[in-house]
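Presented below is the structure to which this report refers.
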Amino acid sequence: MTRGKRRVAITGLGVVSSLGLDIETFWEKLISGQSGISKISRFDPSEYTCQIAGEINNFDPSPWLSRKEVRRLDLFSQYALIACHNALNDASFDLEKEDLSRFGVILGSGMGGVTEVSKQIGILESKGPRRVSPITVPKVMVSAPCGEISIRNGFRGPNFVISSACTSSTAALGMAGRMIQWGESDVIVSGGSEAVVVPTSLAGFAAARALSTRNESPETASRPFDKDRNGFVMGEGSGIIILEEWERAKKRGAKIYAELCGAAWGSDAYHITEPAPDGRGAVQVMEQAMQNANIQANQISYINAHGTSTIKNDVMETIAIKKVFGDYAYQIPISSTKSLTGHLIGASGAIESIVCALSLSKKEIHGTANYTTPDPECDLDYVPEKCRQLPEVNYVLTNSFAFGGSNACLVLGKTEK
């Protein structure tokens with residue numbers, strides 16, 4: 001990632017989302033502007049001020065997981081295992097011939113097994129402590145998907161989770177890239193998973209007035225950078241990316257989507273839930289990520305924004321982009337994946353990094369849905385509604401910002417420069 005260090009290739013992608021359970025379906029729906037946001041069906045949301053989410057409807061894990069596995073796995077672990085299965089297949093490894101001590105797993109999740117937590121709290125309150133499941137702890141721990149992936153595949157390299165709210169999987173990808181760069185591993189399964197569409201999460205975010213209340217029109221509720229935005233929409237799912245040392249990937253003839261060129265982490269040190277209004281933390285990580293990638297600001301061809309559809313975040317991110325890029329900011333196409341998938345909390349960065357890798361590979365970017373009424377404070381090129389071709393694309397940047405003031409940024413580059 002830094003000059004003189006080992007390069008990092010992206011050789012496999014896997015996704016589980018409201019837009020599909022495979023990369024082809026996900027990309028087709030994304031690029032056509034099809035929303036994955038709908039009224040919540042998993043439970044009755046009628047008493048909640050927000051009743052919508054980017055929920056994975058009619059989810060059936062049986063093609064990938066046995067009944068026994070489903071019983072002992074929280075939903076966020078199921079999502080991660082399925083996405084990982086598809087990503088490993090995409091990368092075309094023959095694991096029986098690999099040195100699996102050089103394969104690691106580094107994932108991100110902001111909230112872990114909240115589905116199971118909610119279930120077991122209900123059992124505790126209604127039936128007493130002796131009826132709580134003996135496998136509650138291994139199901140709910142935030143690192144559960146890391147362990148499950150490692151055990152299932154025999155990966156004996158680094159195995160841990162990063163949990164930093166909405167920057168979790170972006171931070172995990174950056175750390176995984178660094179460990180390959182430093183020679184600690186040759187291949188790392190990275191990304192993130194989240195399953196937060198449960199009553200407790202919905203009630204908590206709604207109480208904080210963070211969620212959109214546009215229940216009558218779910219598909220148009222997430223409106224990043226639009227003047228009429230009124231909060232984010234929760235999403236769920238998993239994005240898994242296979243990172244591999246560049247020369248190793250080339251030697252085995254792997255398909256390379258993109259290169260992970262730079263990463264940075266930082267903090268606003270300002271407020272537990274609000275971004276620093278001057279964008280100082282966002283400015284810091286964008287500049288450091290490009291410095292780590294050894295590129296100049298005018299080499300960025302596209303920005304996948306954090307773009308939550310909240311009043312303060314979208315203004316802050318716009319301010320920060322202008323500070324980093326100056327007049328060039330107005331020439332950079334910017335879009336928000338959350339406008340179509342909802343906000344996957346700790347898994348957002350993984351999904352959005354997959355989008356960046358595909359954008360580089362296909363030279364095409366998706367539009368920001370529902371950007372119909374420009375906000376004077378958000379006056380950049382947010383690629384309204386429709387997809388756009390990118391005939392000249394070299395590097396793309398993806399942002400993640402979080403509660404707690406955590407910030408992270410990645411720079412991806414095309415495979416031949």
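In the structure tokens, chains take the letters A, B, ... in the order shown, each chain's residues start at 1, and ligands count up from 1 in the order shown.
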* Using DSSP on the backbone coordinates, identify all residues within region 120-244 of chain A classified as helix (DSSP H, G or I); present the result as an NGL selection string. => :A and (120-127 or 129-131 or 136-140 or 144-153 or 168-181 or 199-207 or 218-220)
* Skip region 79-83 of chain A itself and residues of its chain fewer than 2 positions away, then list as a list in words all residues within 6 Å of it, counting only C-alpha atoms. =>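 The filter keeps Gly14, Val15, Val16, Phe76, Ser77, His85, Asn86, Ser193, Gly237, Ser238 and Ile240 of chain A.
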Between region 132-174 of chain A and region 383-402 of chain A, at 7 Å or less, what are the per-residue closest atom pairs and their distances in Å? Count only C-alpha atoms, order by chain and rising residue number, and return it as JSON lines.
```
{"residue": "A:Ala165", "atom": "CA", "partner": "A:Ala402", "partner_atom": "CA", "distance": 5.7}
{"residue": "A:Cys166", "atom": "CA", "partner": "A:Ala402", "partner_atom": "CA", "distance": 4.7}
{"residue": "A:Thr167", "atom": "CA", "partner": "A:Ser400", "partner_atom": "CA", "distance": 5.2}
{"residue": "A:Thr170", "atom": "CA", "partner": "A:Ser400", "partner_atom": "CA", "distance": 6.8}
```
Create the file for the chosen residues now, containing C-alpha atoms and written as a PDB file, in the first residue's frame.
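Result saved to result.pdb:
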```pdb
ATOM      1  CA  ALA A 165     -19.729   1.348  14.917  1.00  0.00           C
ATOM      2  CA  CYS A 166     -20.241   2.390  11.287  1.00  0.00           C
ATOM      3  CA  THR A 167     -16.524   2.347  10.400  1.00  0.00           C
ATOM      4  CA  THR A 170     -13.787  -0.188   6.546  1.00  0.00           C
TER       5      THR A 170
END
```
* **Top pick for closest residue to Ile242 (chain A), considering A:Ala276, A:Ile31, A:Leu211, A:Ala350 and counting only C-alpha atoms** => A:Ala350
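One distance worth recording is that between CA of Ala144 (chain A) and CA of Ile345 (chain A), which is 17.2 Å.
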* CA of Pro224 (chain A) and CA of Gln296 (chain A), how far apart in Å? ->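 It comes out at 26.8 Å.
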* **Pick from A:Leu243, A:Val140, A:Leu360, A:Ala208, whichever lies nearest to Ala172 (chain A) using only C-alpha atoms** =>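 The answer is A:Leu243, which sits nearest to Ala172 (chain A).
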* Asked: Counting only C-alpha atoms, what is within 10 Å of Tyr330 (chain A), bar same-chain residues fewer than 5 positions away, as a list of chain:residue names?
  -> A:Ile321, A:Lys322, A:Phe325, A:Asp379, A:Leu380, A:Asp381, A:Tyr382
Please produce a file of those selected residues containing all heavy atoms, as a PDB file, in the first residue's frame.
```pdb
ATOM      1  N   ILE A 321     -15.112  17.221   1.904  1.00  0.00           N
ATOM      2  CA  ILE A 321     -14.654  16.952   0.533  1.00  0.00           C
ATOM      3  C   ILE A 321     -14.145  18.234  -0.119  1.00  0.00           C
ATOM      4  O   ILE A 321     -13.109  18.233  -0.798  1.00  0.00           O
ATOM      5  CB  ILE A 321     -15.791  16.310  -0.287  1.00  0.00           C
ATOM      6  CG1 ILE A 321     -16.064  14.885   0.212  1.00  0.00           C
ATOM      7  CG2 ILE A 321     -15.445  16.289  -1.776  1.00  0.00           C
ATOM      8  CD1 ILE A 321     -17.308  14.235  -0.371  1.00  0.00           C
ATOM      9  N   LYS A 322     -14.841  19.330   0.097  1.00  0.00           N
ATOM     10  CA  LYS A 322     -14.381  20.612  -0.462  1.00  0.00           C
ATOM     11  C   LYS A 322     -13.036  21.023   0.124  1.00  0.00           C
ATOM     12  O   LYS A 322     -12.166  21.548  -0.595  1.00  0.00           O
ATOM     13  CB  LYS A 322     -15.421  21.698  -0.189  1.00  0.00           C
ATOM     14  CG  LYS A 322     -16.711  21.557  -0.975  1.00  0.00           C
ATOM     15  CD  LYS A 322     -17.684  22.666  -0.579  1.00  0.00           C
ATOM     16  CE  LYS A 322     -19.006  22.556  -1.287  1.00  0.00           C
ATOM     17  NZ  LYS A 322     -19.959  23.619  -0.875  1.00  0.00           N
ATOM     18  N   PHE A 325     -10.338  18.612  -1.537  1.00  0.00           N
ATOM     19  CA  PHE A 325     -10.151  18.635  -2.982  1.00  0.00           C
ATOM     20  C   PHE A 325     -10.213  20.030  -3.606  1.00  0.00           C
ATOM     21  O   PHE A 325      -9.903  20.198  -4.786  1.00  0.00           O
ATOM     22  CB  PHE A 325     -11.179  17.720  -3.656  1.00  0.00           C
ATOM     23  CG  PHE A 325     -10.988  16.264  -3.334  1.00  0.00           C
ATOM     24  CD1 PHE A 325     -11.690  15.665  -2.303  1.00  0.00           C
ATOM     25  CD2 PHE A 325     -10.089  15.500  -4.056  1.00  0.00           C
ATOM     26  CE1 PHE A 325     -11.516  14.313  -1.998  1.00  0.00           C
ATOM     27  CE2 PHE A 325      -9.894  14.160  -3.769  1.00  0.00           C
ATOM     28  CZ  PHE A 325     -10.607  13.572  -2.735  1.00  0.00           C
ATOM     29  N   ASP A 379     -23.723  20.905  -2.529  1.00  0.00           N
ATOM     30  CA  ASP A 379     -23.775  21.380  -3.918  1.00  0.00           C
ATOM     31  C   ASP A 379     -22.740  20.725  -4.823  1.00  0.00           C
ATOM     32  O   ASP A 379     -22.310  21.314  -5.825  1.00  0.00           O
ATOM     33  CB  ASP A 379     -23.599  22.897  -3.949  1.00  0.00           C
ATOM     34  CG  ASP A 379     -22.284  23.355  -3.332  1.00  0.00           C
ATOM     35  OD1 ASP A 379     -21.612  22.533  -2.676  1.00  0.00           O
ATOM     36  OD2 ASP A 379     -21.919  24.536  -3.507  1.00  0.00           O
ATOM     37  N   LEU A 380     -22.361  19.489  -4.517  1.00  0.00           N
ATOM     38  CA  LEU A 380     -21.403  18.786  -5.362  1.00  0.00           C
ATOM     39  C   LEU A 380     -22.144  17.878  -6.355  1.00  0.00           C
ATOM     40  O   LEU A 380     -23.370  17.859  -6.402  1.00  0.00           O
ATOM     41  CB  LEU A 380     -20.431  17.985  -4.482  1.00  0.00           C
ATOM     42  CG  LEU A 380     -19.597  18.836  -3.512  1.00  0.00           C
ATOM     43  CD1 LEU A 380     -18.728  17.959  -2.630  1.00  0.00           C
ATOM     44  CD2 LEU A 380     -18.742  19.852  -4.267  1.00  0.00           C
ATOM     45  N   ASP A 381     -21.393  17.120  -7.129  1.00  0.00           N
ATOM     46  CA  ASP A 381     -21.978  16.235  -8.142  1.00  0.00           C
ATOM     47  C   ASP A 381     -22.275  14.879  -7.508  1.00  0.00           C
ATOM     48  O   ASP A 381     -21.419  14.002  -7.439  1.00  0.00           O
ATOM     49  CB  ASP A 381     -21.009  16.070  -9.312  1.00  0.00           C
ATOM     50  CG  ASP A 381     -21.530  15.114 -10.371  1.00  0.00           C
ATOM     51  OD1 ASP A 381     -22.709  14.692 -10.287  1.00  0.00           O
ATOM     52  OD2 ASP A 381     -20.758  14.763 -11.288  1.00  0.00           O
ATOM     53  N   TYR A 382     -23.526  14.706  -7.046  1.00  0.00           N
ATOM     54  CA  TYR A 382     -23.912  13.479  -6.353  1.00  0.00           C
ATOM     55  C   TYR A 382     -24.506  12.424  -7.285  1.00  0.00           C
ATOM     56  O   TYR A 382     -25.133  11.466  -6.826  1.00  0.00           O
ATOM     57  CB  TYR A 382     -24.901  13.805  -5.227  1.00  0.00           C
ATOM     58  CG  TYR A 382     -24.368  14.839  -4.256  1.00  0.00           C
ATOM     59  CD1 TYR A 382     -24.909  16.111  -4.196  1.00  0.00           C
ATOM     60  CD2 TYR A 382     -23.293  14.549  -3.414  1.00  0.00           C
ATOM     61  CE1 TYR A 382     -24.411  17.072  -3.319  1.00  0.00           C
ATOM     62  CE2 TYR A 382     -22.780  15.499  -2.545  1.00  0.00           C
ATOM     63  CZ  TYR A 382     -23.345  16.755  -2.503  1.00  0.00           C
ATOM     64  OH  TYR A 382     -22.841  17.705  -1.640  1.00  0.00           O
TER      65      TYR A 382
END
```
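Across A:Ser38, A:Ser101, A:Asn407, A:Ser335, the tightest approach to Val187 (chain A) is made by A:Ser101 when counting only C-alpha atoms.
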* Best match for closeness to Val197 (chain A) among A:Glu55, A:Asp90, A:Glu116, A:Asp60, counting only C-alpha atoms ->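 Ranked by minimum distance to Val197 (chain A), first place goes to A:Glu55.
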* **Minimum-distance residue to Gly191 (chain A), chosen among A:Ser18, A:Ser353, A:Arg152, A:Ala329 (using only C-alpha atoms)** =>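 Of A:Ser18, A:Ser353, A:Arg152, A:Ala329, the one nearest Gly191 (chain A) is A:Ser353, counting only C-alpha atoms.
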* Which of region 341-409 of chain A fall in strand (DSSP E), as a list of chain:residue names ->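 Assigned to strand (DSSP E), within region 341-409 of chain A: A:Glu364, A:Ile365, A:Arg388, A:Gln389, A:Tyr395, A:Val396, A:Leu397, A:Thr398, A:Asn399, A:Ser400, A:Phe401, A:Ser406, A:Asn407, A:Ala408, A:Cys409.
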* Any idea what the distance is between CA of Gly405 (chain A) and CA of Ser169 (chain A)? ->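 Pair CA of Gly405 (chain A) / CA of Ser169 (chain A) returns 15.4 Å.
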